[in-house]
>>> print(open('my_file_11.cif').read())   # mmCIF, C-alpha atoms and all ligand atoms
data_structure
#
loop_
_atom_site.label_atom_id
_atom_site.label_comp_id
_atom_site.auth_asym_id
_atom_site.auth_seq_id
_atom_site.Cartn_x
_atom_site.Cartn_y
_atom_site.Cartn_z
CA MET M 1202 137.25 93.51 83.81
CA THR M 1203 135.23 96.71 83.88
CA ARG M 1204 132.17 96.42 86.05
CA THR M 1205 128.82 97.88 85.08
CA ILE M 1206 126.55 99.71 87.50
CA LEU M 1207 122.90 100.49 86.77
CA LEU M 1208 121.72 103.78 88.28
CA THR M 1209 117.96 104.09 88.58
CA GLY M 1210 117.18 107.78 88.91
CA GLY M 1211 120.66 108.46 87.52
CA ALA M 1212 119.65 111.76 85.93
CA GLY M 1213 118.54 113.28 89.24
CA TYR M 1214 120.46 115.42 91.70
CA ILE M 1215 122.35 112.75 93.65
CA GLY M 1216 122.25 110.20 90.82
CA SER M 1217 123.98 112.49 88.32
CA HIS M 1218 126.80 113.32 90.73
CA THR M 1219 127.21 109.62 91.49
CA TYR M 1220 127.42 108.92 87.75
CA VAL M 1221 130.44 111.23 87.47
CA GLU M 1222 132.22 109.71 90.47
CA LEU M 1223 131.58 106.14 89.25
CA LYS M 1224 132.97 106.96 85.82
CA SER M 1225 136.07 108.53 87.28
CA ALA M 1226 136.54 105.42 89.45
CA GLY M 1227 136.57 103.30 86.27
CA PHE M 1228 133.07 101.78 86.25
CA ASP M 1229 130.78 101.49 83.27
CA VAL M 1230 127.45 103.07 84.10
CA VAL M 1231 123.95 102.73 82.68
CA ILE M 1232 121.31 105.29 83.62
CA VAL M 1233 117.59 104.64 83.85
CA ASP M 1234 115.35 107.63 84.56
CA ASN M 1235 111.84 108.80 83.71
CA PHE M 1236 113.07 112.43 83.80
CA SER M 1237 110.11 113.47 85.98
CA ASN M 1238 112.45 115.42 88.25
CA ALA M 1239 115.54 115.87 86.10
CA ARG M 1240 116.66 118.40 83.53
CA ALA M 1241 116.40 117.14 79.94
CA ASP M 1242 119.96 118.34 79.20
CA VAL M 1243 121.61 116.51 82.11
CA ILE M 1244 122.74 113.65 79.86
CA ASP M 1245 124.59 116.06 77.56
CA ARG M 1246 126.14 117.71 80.57
CA LEU M 1247 127.31 114.37 81.99
CA ALA M 1248 128.90 113.60 78.63
CA GLN M 1249 130.66 116.96 78.76
CA ILE M 1250 131.98 116.44 82.31
CA THR M 1251 133.18 112.87 81.68
CA ASP M 1252 134.20 113.47 78.06
CA ALA M 1253 132.48 110.25 77.01
CA PRO M 1254 129.10 109.20 75.65
CA VAL M 1255 126.45 108.42 78.26
CA THR M 1256 124.26 105.31 78.17
CA ALA M 1257 120.80 106.29 79.35
CA HIS M 1258 117.35 104.74 78.92
CA LYS M 1259 114.20 106.75 79.47
CA GLY M 1260 111.62 104.71 81.33
CA ASP M 1261 109.85 104.12 84.59
CA VAL M 1262 110.62 101.73 87.43
CA LEU M 1263 106.91 100.91 87.46
CA ASP M 1264 107.31 99.40 83.97
CA ARG M 1265 108.60 95.86 84.50
CA THR M 1266 108.91 95.10 80.79
CA PHE M 1267 111.12 98.14 80.38
CA LEU M 1268 113.30 97.11 83.34
CA ALA M 1269 113.70 93.57 81.98
CA SER M 1270 114.77 95.00 78.61
CA VAL M 1271 117.50 97.09 80.26
CA PHE M 1272 118.92 94.06 82.08
CA ALA M 1273 118.76 92.07 78.81
CA ARG M 1274 120.83 94.72 77.01
CA HIS M 1275 123.58 95.32 79.57
CA PRO M 1276 125.79 93.04 81.71
CA ILE M 1277 124.87 94.68 85.02
CA ASP M 1278 126.97 93.81 88.09
CA ALA M 1279 125.19 95.98 90.65
CA VAL M 1280 122.36 98.49 90.95
CA ILE M 1281 122.28 101.78 92.82
CA HIS M 1282 118.63 102.62 93.32
CA PHE M 1283 117.85 106.35 93.53
CA ALA M 1284 114.56 106.51 91.62
CA ALA M 1285 112.00 107.74 94.15
CA LYS M 1286 109.84 110.61 95.24
CA LYS M 1287 111.32 112.65 98.08
CA ALA M 1288 109.10 115.50 99.26
CA VAL M 1289 107.94 114.90 102.82
CA GLY M 1290 104.97 117.31 102.67
CA GLU M 1291 103.71 115.93 99.35
CA SER M 1292 103.90 112.39 100.73
CA VAL M 1293 101.43 113.32 103.46
CA GLU M 1294 98.95 114.44 100.76
CA LYS M 1295 99.64 111.56 98.36
CA PRO M 1296 100.62 108.47 100.37
CA LEU M 1297 99.51 106.09 97.59
CA ASP M 1298 101.79 107.78 95.06
CA TYR M 1299 104.69 107.48 97.46
CA PHE M 1300 104.00 103.82 98.15
CA GLU M 1301 103.68 103.06 94.46
CA THR M 1302 106.80 104.84 93.22
CA ASN M 1303 109.05 104.18 96.19
CA CYS M 1304 107.98 100.70 97.31
CA THR M 1305 106.45 99.07 94.21
CA GLY M 1306 109.11 100.71 92.04
CA PHE M 1307 111.87 99.27 94.21
CA SER M 1308 110.34 95.79 94.34
CA ASN M 1309 110.09 95.89 90.52
CA VAL M 1310 113.80 96.69 90.32
CA LEU M 1311 114.61 93.87 92.75
CA MET M 1312 112.50 91.42 90.70
CA ALA M 1313 114.25 92.44 87.50
CA MET M 1314 117.59 91.98 89.27
CA ARG M 1315 116.66 88.52 90.52
CA ASP M 1316 115.48 87.48 87.04
CA ALA M 1317 118.81 88.65 85.61
CA ASN M 1318 120.87 87.03 88.41
CA VAL M 1319 122.11 90.35 89.76
CA PHE M 1320 122.18 90.37 93.56
CA ASN M 1321 124.15 93.50 94.58
CA VAL M 1322 122.16 96.65 95.37
CA VAL M 1323 122.86 99.99 97.03
CA PHE M 1324 119.73 101.65 98.34
CA SER M 1325 119.24 105.38 98.71
CA SER M 1326 117.73 105.88 102.18
CA THR M 1327 117.46 108.86 104.48
CA ALA M 1328 118.19 109.92 108.04
CA THR M 1329 114.48 110.78 108.23
CA VAL M 1330 113.91 107.07 109.00
CA TYR M 1331 115.15 107.78 112.56
CA GLY M 1332 112.41 110.29 113.40
CA GLU M 1333 112.62 112.26 116.64
CA PRO M 1334 116.12 111.70 118.09
CA GLN M 1335 116.33 109.63 121.28
CA SER M 1336 119.98 110.58 121.43
CA LEU M 1337 122.40 112.51 119.22
CA PRO M 1338 124.37 111.99 117.11
CA TYR M 1339 122.27 109.39 115.33
CA THR M 1340 124.03 106.05 115.15
CA GLU M 1341 122.86 103.35 112.74
CA ASP M 1342 121.29 101.37 115.57
CA HIS M 1343 119.05 104.29 116.62
CA ARG M 1344 115.47 103.06 116.57
CA LEU M 1345 113.50 103.74 113.39
CA ALA M 1346 110.40 105.89 113.82
CA PRO M 1347 109.17 107.17 110.46
CA VAL M 1348 106.70 110.02 110.84
CA SER M 1349 105.72 110.62 107.20
CA PRO M 1350 104.63 108.37 104.31
CA TYR M 1351 107.94 109.28 102.65
CA ALA M 1352 110.01 108.11 105.63
CA GLN M 1353 107.79 105.04 105.99
CA SER M 1354 108.36 104.13 102.33
CA LYS M 1355 112.12 104.12 102.93
CA VAL M 1356 111.77 101.96 106.05
CA THR M 1357 109.57 99.55 104.08
CA CYS M 1358 112.25 99.23 101.39
CA GLU M 1359 114.98 98.71 104.00
CA THR M 1360 112.88 95.96 105.60
CA LEU M 1361 112.28 94.32 102.23
CA LEU M 1362 116.03 94.17 101.64
CA ARG M 1363 116.60 92.45 104.97
CA GLN M 1364 113.83 89.94 104.27
CA LEU M 1365 115.19 89.28 100.81
CA LYS M 1366 118.65 88.54 102.14
CA ASP M 1367 117.16 86.22 104.77
CA SER M 1368 115.33 84.36 101.99
CA ASP M 1369 118.33 84.09 99.67
CA PRO M 1370 121.92 84.69 100.88
CA ARG M 1371 123.11 85.57 97.38
CA TRP M 1372 121.76 89.10 97.98
CA THR M 1373 124.12 91.75 99.30
CA TYR M 1374 123.05 95.30 99.93
CA GLY M 1375 124.24 98.66 101.15
CA ILE M 1376 121.67 100.91 102.78
CA LEU M 1377 122.90 104.53 102.82
CA ARG M 1378 121.05 106.93 105.09
CA TYR M 1379 121.71 110.44 103.84
CA PHE M 1380 121.69 113.51 106.00
CA ASN M 1381 121.14 116.83 104.13
CA PRO M 1382 122.74 116.82 100.67
CA ALA M 1383 123.78 120.27 99.40
CA GLY M 1384 126.05 121.93 96.86
CA ALA M 1385 126.84 121.14 93.24
CA HIS M 1386 129.57 119.75 91.01
CA ASP M 1387 132.78 121.80 90.63
CA SER M 1388 132.16 122.06 86.88
CA ALA M 1389 128.93 124.01 87.60
CA LEU M 1390 127.30 121.83 84.92
CA ILE M 1391 125.10 119.76 87.23
CA GLY M 1392 123.36 120.53 90.50
CA GLU M 1393 119.94 120.84 92.09
CA ASP M 1394 117.42 122.89 90.15
CA PRO M 1395 113.87 122.48 91.49
CA ASN M 1396 111.07 123.75 89.24
CA ASP M 1397 108.74 124.70 92.07
CA ILE M 1398 109.34 126.80 95.15
CA PRO M 1399 111.94 124.74 97.03
CA ASN M 1400 111.11 123.12 100.36
CA ASN M 1401 114.73 122.71 101.37
CA LEU M 1402 116.99 125.39 102.73
CA MET M 1403 119.88 125.58 100.27
CA PRO M 1404 117.85 125.62 97.03
CA TYR M 1405 115.61 128.25 98.62
CA ILE M 1406 118.56 130.47 99.55
CA ALA M 1407 119.97 129.94 96.05
CA LYS M 1408 116.79 131.37 94.54
CA VAL M 1409 116.97 134.38 96.85
CA ALA M 1410 120.56 134.90 95.70
CA THR M 1411 119.56 134.79 92.01
CA GLY M 1412 116.64 137.14 92.66
CA GLU M 1413 113.95 134.57 91.80
CA LEU M 1414 112.60 134.72 95.35
CA ALA M 1415 112.42 137.89 97.43
CA GLN M 1416 113.58 136.62 100.80
CA LEU M 1417 114.18 133.60 102.98
CA THR M 1418 111.78 132.86 105.78
CA VAL M 1419 113.70 131.39 108.69
CA PHE M 1420 111.38 128.82 110.24
CA GLY M 1421 111.83 129.75 113.89
CA ASP M 1422 114.67 131.38 115.84
CA ASP M 1423 113.73 130.08 119.26
CA TYR M 1424 115.09 126.55 119.00
CA ASP M 1425 117.42 125.16 121.63
CA THR M 1426 120.51 125.75 119.45
CA PRO M 1427 123.39 128.27 119.73
CA ASP M 1428 121.70 130.90 117.50
CA GLY M 1429 118.10 129.70 117.91
CA THR M 1430 117.73 128.36 114.34
CA GLY M 1431 117.56 124.72 113.24
CA VAL M 1432 120.81 122.79 113.01
CA ARG M 1433 121.37 120.11 110.33
CA ASP M 1434 124.18 117.95 109.02
CA TYR M 1435 124.70 119.25 105.47
CA ILE M 1436 126.88 117.05 103.29
CA HIS M 1437 128.36 118.05 99.94
CA VAL M 1438 126.69 116.09 97.15
CA VAL M 1439 130.10 115.14 95.69
CA ASP M 1440 131.15 113.64 99.04
CA LEU M 1441 127.81 111.82 99.14
CA ALA M 1442 128.34 110.53 95.60
CA ARG M 1443 131.77 109.19 96.57
CA GLY M 1444 130.16 107.31 99.45
CA HIS M 1445 128.08 105.42 96.86
CA VAL M 1446 131.19 104.46 94.91
CA GLN M 1447 132.80 103.10 98.07
CA SER M 1448 129.63 101.27 99.05
CA VAL M 1449 129.13 99.56 95.70
CA ALA M 1450 132.83 98.64 95.52
CA LYS M 1451 132.52 97.03 98.97
CA LEU M 1452 129.56 94.95 97.79
CA LEU M 1453 131.33 93.81 94.65
CA ASP M 1454 134.74 93.18 96.21
CA GLU M 1455 133.72 91.68 99.54
CA GLN M 1456 130.02 90.75 99.22
CA ASP M 1457 129.56 92.58 102.48
CA THR M 1458 126.13 93.92 103.42
CA HIS M 1459 126.04 97.23 105.32
CA VAL M 1460 123.79 99.98 106.71
CA LEU M 1461 125.53 103.35 107.01
CA ASN M 1462 124.90 106.98 107.79
CA LEU M 1463 126.36 109.37 105.23
CA GLY M 1464 126.84 112.69 106.96
CA THR M 1465 129.70 114.82 108.22
CA GLY M 1466 128.93 114.73 111.92
CA THR M 1467 128.97 118.55 111.99
CA GLY M 1468 125.82 120.59 112.44
CA TYR M 1469 125.24 123.99 110.84
CA SER M 1470 122.39 126.40 111.62
CA VAL M 1471 120.12 128.23 109.18
CA PHE M 1472 122.08 131.42 109.90
CA ASP M 1473 125.41 129.62 109.31
CA MET M 1474 124.12 128.61 105.88
CA LEU M 1475 122.78 132.09 105.10
CA ARG M 1476 126.07 133.80 106.05
CA SER M 1477 128.11 131.28 104.11
CA TYR M 1478 125.93 131.79 101.03
CA GLU M 1479 126.31 135.55 101.36
CA ARG M 1480 130.08 135.12 101.29
CA ALA M 1481 129.75 132.90 98.21
CA CYS M 1482 127.56 135.26 96.20
CA GLY M 1483 129.08 138.46 97.53
CA LYS M 1484 125.87 140.18 98.60
CA ALA M 1485 123.50 140.43 101.54
CA LEU M 1486 120.48 138.14 101.33
CA ALA M 1487 117.12 139.25 102.67
CA TYR M 1488 115.37 137.18 105.31
CA GLN M 1489 112.58 137.36 107.83
CA ILE M 1490 111.94 135.30 110.91
CA GLY M 1491 108.75 133.23 110.61
CA PRO M 1492 107.03 130.64 112.77
CA ARG M 1493 108.40 127.13 113.19
CA ARG M 1494 107.58 124.66 110.40
CA ALA M 1495 105.38 121.79 111.57
CA GLY M 1496 107.36 118.62 112.18
CA ASP M 1497 110.79 120.33 112.35
CA ILE M 1498 113.15 119.51 115.19
CA ASP M 1499 115.87 121.72 116.61
CA CYS M 1500 118.94 119.73 115.79
CA PHE M 1501 120.11 116.59 114.09
CA TYR M 1502 123.38 115.24 112.83
CA ALA M 1503 125.09 111.95 112.07
CA ASP M 1504 127.56 109.83 113.87
CA PRO M 1505 129.72 109.21 110.77
CA THR M 1506 132.22 106.85 112.41
CA THR M 1507 130.77 103.57 111.10
CA ALA M 1508 131.04 104.76 107.47
CA ARG M 1509 134.57 105.98 108.18
CA ASP M 1510 135.75 102.78 109.85
CA TYR M 1511 133.97 100.42 107.47
CA LEU M 1512 134.28 102.17 104.10
CA GLY M 1513 137.00 104.70 104.77
CA PHE M 1514 134.36 107.31 103.95
CA GLN M 1515 135.07 110.84 105.07
CA ALA M 1516 133.48 114.06 103.86
CA THR M 1517 136.19 116.48 102.71
CA ARG M 1518 134.10 119.55 101.85
CA ASP M 1519 132.65 122.08 104.26
CA LEU M 1520 129.69 124.45 104.24
CA ASP M 1521 131.58 127.18 102.35
CA ASP M 1522 132.41 124.63 99.62
CA MET M 1523 128.73 123.68 99.41
CA CYS M 1524 127.56 127.29 99.12
CA ARG M 1525 130.29 128.30 96.66
CA SER M 1526 129.57 125.36 94.34
CA SER M 1527 125.81 125.95 94.57
CA TRP M 1528 126.25 129.62 93.69
CA ASN M 1529 128.54 128.80 90.75
CA TRP M 1530 125.94 126.36 89.46
CA VAL M 1531 122.81 128.52 89.82
CA SER M 1532 124.43 131.76 88.63
CA ARG M 1533 125.83 130.03 85.54
CA LEU M 1534 122.45 128.42 84.85
CA ARG M 1535 120.58 131.72 85.06
CA ASN M 1536 123.12 133.46 82.84
CA SER M 1537 123.17 130.76 80.17
C1 LIG M 1601 114.20 117.72 104.84
C2 LIG M 1601 113.29 116.52 104.92
C3 LIG M 1601 114.11 115.26 104.92
C4 LIG M 1601 115.06 115.20 103.74
C5 LIG M 1601 115.91 116.46 103.71
C6 LIG M 1601 116.73 116.48 102.45
C7 LIG M 1601 111.35 117.29 106.19
C8 LIG M 1601 110.61 117.22 107.49
N1 LIG M 1601 112.49 116.61 106.14
O1 LIG M 1601 114.97 117.77 106.03
O2 LIG M 1601 113.26 114.14 104.86
O3 LIG M 1601 115.89 114.07 103.83
O4 LIG M 1601 115.07 117.60 103.73
O5 LIG M 1601 117.69 117.48 102.48
O6 LIG M 1601 110.93 117.93 105.25
N2 LIG M 1601 114.48 126.12 106.77
C9 LIG M 1601 114.13 127.47 106.87
N3 LIG M 1601 113.53 128.06 105.81
C10 LIG M 1601 113.26 127.41 104.63
C11 LIG M 1601 113.61 126.04 104.53
C12 LIG M 1601 114.21 125.43 105.62
O7 LIG M 1601 114.38 128.10 107.90
O8 LIG M 1601 112.69 128.02 103.70
C13 LIG M 1601 115.15 125.47 107.90
C14 LIG M 1601 114.37 124.31 108.51
O9 LIG M 1601 113.49 124.73 109.49
C15 LIG M 1601 115.52 123.44 109.03
C16 LIG M 1601 116.67 123.70 108.06
O10 LIG M 1601 116.35 124.92 107.41
O11 LIG M 1601 115.93 123.89 110.30
C17 LIG M 1601 116.81 122.61 107.00
O12 LIG M 1601 115.56 122.40 106.36
P1 LIG M 1601 115.44 121.48 105.06
O13 LIG M 1601 116.46 121.86 104.06
O14 LIG M 1601 114.00 121.48 104.63
O15 LIG M 1601 115.86 120.03 105.58
P2 LIG M 1601 115.26 119.12 106.76
O16 LIG M 1601 114.02 119.69 107.30
O17 LIG M 1601 116.36 118.85 107.70
#
>>> encode(input="my_file_11.cif", output="structure tokens", more="lines below")
Ligand code: UD1
Amino acid sequence: MTRTILLTGGAGYIGSHTYVELKSAGFDVVIVDNFSNARADVIDRLAQITDAPVTAHKGDVLDRTFLASVFARHPIDAVIHFAAKKAVGESVEKPLDYFETNCTGFSNVLMAMRDANVFNVVFSSTATVYGEPQSLPYTEDHRLAPVSPYAQSKVTCETLLRQLKDSDPRWTYGILRYFNPAGAHDSALIGEDPNDIPNNLMPYIAKVATGELAQLTVFGDDYDTPDGTGVRDYIHVVDLARGHVQSVAKLLDEQDTHVLNLGTGTGYSVFDMLRSYERACGKALAYQIGPRRAGDIDCFYADPTTARDYLGFQATRDLDDMCRSSWNWVSRLRNS
């Protein structure tokens, strides 16, 4: 029997890519999104990629009546919860907003699940929960030390899941701690498209490549890394999406709770990314060296072996694939 997965935040960057991978793995999928950080045309684009109509409901995870109505209409087997705010800097300015959307929103989803007798949930977490590394690579048992309201909100949700399972063993969950998602779908129909000036490296470089921004500022070139710039574990969003499919299948098939890093285990520097993007777009990209950004650390990357051994998860795409797919996506978008 076909199983149905509810994606909260399914119209967003990672949610939309996960939608495509779930459909191609044979799941039915229902999207819930308030479209606060999604393109209005993403649903049409998902229909185009999958060549099938998309079931999507516009609404907010803070609206419990709305959530109950979605569970009443569809035979949901599991939920993948993406719907959340994700800007670290903004969370410092608006901690209440982050608590409300990320923590209250998630507890609303869990309540709606419980009321509908659905007990399988995959939770979108982040490597930022680890904070300053005590040792690298980060393993899943690294201590949690959230330094921002955003990171704290994710730790709070992870804790809630553990407490819930302790209170009622019918719950099973997968906590997925993402490293740095990057790139876009091969179709160039979906990808990341921030409205404001991007905080993150790849969307910023993409806007330099399209000419929307004049130059990249490299936040420090005196870090303790091979070329002096910050090193991160970038993971292709399609690889990340496939990790969700494997995680939810594990919950449904084996009722097995898990906490996993989703990264590649390979670190790339800011200059590695810039050079790779230049190869993708075929031109030199302007940059200047600026001061370090507050709160940044020199280097972090995942130990991906638990996800590999447990789920069989392995990233197959490298930095050039990420930059090429990003460039295809943004250049097509600007020319359309
Ligand atoms: C950030 C978030 C993290 C989130 C991740 C998602 C912070 C402190 N952390 O991580 O919670 O999960 O994004 O991908 O915000 N850089 C530049 N110039 C720029 C932008 C970035 O040099 O204009 C450098 C940074 O200094 C860093 C690297 O690029 O070395 C990556 O930065 P970014 O994409 O913002 O990701 P993180 O800081 O790793």
>>> residues_near_ligand(input="my_file_11.cif", ligand="ligand LIG 1601 (chain M)", cutoff="7 Å", atoms="all atoms listed in the file", output="PyMOL selection string")
chain M and resi 1288-1290+1327-1329+1352+1379-1382+1400-1403+1405+1417-1421+1430-1433+1471+1493-1494+1496-1497+1499
>>> atom_distance(input="my_file_11.cif", atom1="atom CA of Ala1407 of chain M", atom2="atom CA of Cys1524 of chain M")
8.6 Å
>>> closest_residue(input="my_file_11.cif", among="M:Arg1443, M:His1275, M:His1258, M:Arg1315", to="Asp1369 of chain M", atoms="all atoms listed in the file")
M:Arg1315
>>> closest_residue(input="my_file_11.cif", among="M:Ser1292, M:Asp1397, M:Thr1209, M:Leu1297", to="Leu1311 of chain M", atoms="only C-alpha atoms")
M:Thr1209
>>> atom_distance(input="my_file_11.cif", atom1="atom CA of Ile1277 of chain M", atom2="atom CA of Gln1249 of chain M")
23.9 Å
>>> atom_distance(input="my_file_11.cif", atom1="atom CA of Thr1426 of chain M", atom2="atom CA of Phe1501 of chain M")
10.6 Å
>>> closest_atom_pairs(input="my_file_11.cif", of="segment 1252-1370 of chain M", to="segment 1444-1456 of chain M", cutoff="9 Å", atoms="all atoms listed in the file", output="Markdown table")
| residue | atom | partner | partner_atom | distance |
| --- | --- | --- | --- | --- |
| M:Asp1278 | CA | M:Leu1453 | CA | 7.9 |
| M:Ala1279 | CA | M:Val1449 | CA | 7.3 |
| M:Val1280 | CA | M:Val1449 | CA | 8.3 |
| M:Ile1281 | CA | M:Val1449 | CA | 7.8 |
| M:Asn1321 | CA | M:Leu1452 | CA | 6.5 |
| M:Val1322 | CA | M:Val1449 | CA | 7.6 |
| M:Val1323 | CA | M:Val1449 | CA | 6.4 |
>>> axis_aligned_box(input="my_file_11.cif", around="segment 1444-1458 of chain M", padding_each_side="4 Å", output="AutoDock Vina command-line options")
--center_x 130.4 --center_y 99.0 --center_z 99.0 --size_x 16.6 --size_y 24.6 --size_z 16.8
>>> residues_around(input="my_file_11.cif", residues="Leu1337 of chain M", least_positions_apart="2", cutoff="8 Å", atoms="only C-alpha atoms", output="MDAnalysis selection string")
chainID M and resid 1334:1335 1339:1340 1501:1504
>>> write_last_selection(input="my_file_11.cif", atoms="C-alpha atoms", output="mmCIF file, in the coordinates of the input")
data_model
loop_
_atom_site.group_PDB
_atom_site.id
_atom_site.type_symbol
_atom_site.label_atom_id
_atom_site.label_comp_id
_atom_site.auth_asym_id
_atom_site.auth_seq_id
_atom_site.Cartn_x
_atom_site.Cartn_y
_atom_site.Cartn_z
ATOM 1 C CA PRO M 1334 116.120 111.700 118.090
ATOM 2 C CA GLN M 1335 116.330 109.630 121.280
ATOM 3 C CA TYR M 1339 122.270 109.390 115.330
ATOM 4 C CA THR M 1340 124.030 106.050 115.150
ATOM 5 C CA PHE M 1501 120.110 116.590 114.090
ATOM 6 C CA TYR M 1502 123.380 115.240 112.830
ATOM 7 C CA ALA M 1503 125.090 111.950 112.070
ATOM 8 C CA ASP M 1504 127.560 109.830 113.870
#
>>> closest_residue(input="my_file_11.cif", among="M:Val1231, M:Ile1398, M:Pro1505, M:Thr1302", to="Arg1274 of chain M", atoms="all atoms listed in the file")
M:Val1231
>>> closest_residue(input="my_file_11.cif", among="M:Gly1332, M:Gly1213, M:Gly1491, M:Pro1404", to="Asp1234 of chain M", atoms="only C-alpha atoms")
M:Gly1213
>>> closest_residue(input="my_file_11.cif", among="M:Phe1300, M:Phe1320, M:Tyr1424, M:Phe1272", to="Gln1353 of chain M", atoms="all atoms listed in the file")
M:Phe1300
>>> closest_residue(input="my_file_11.cif", among="M:Ser1217, M:Thr1467, M:Ser1325, M:Gln1416", to="Ala1487 of chain M", atoms="all atoms listed in the file")
M:Gln1416
>>> residues_around(input="my_file_11.cif", residues="Tyr1351 of chain M", least_positions_apart="3", cutoff="10 Å", atoms="all atoms listed in the file", output="ChimeraX atom specification")
/M:1285-1293,1295-1296,1298-1300,1303,1327,1329-1330,1347-1348,1354-1357
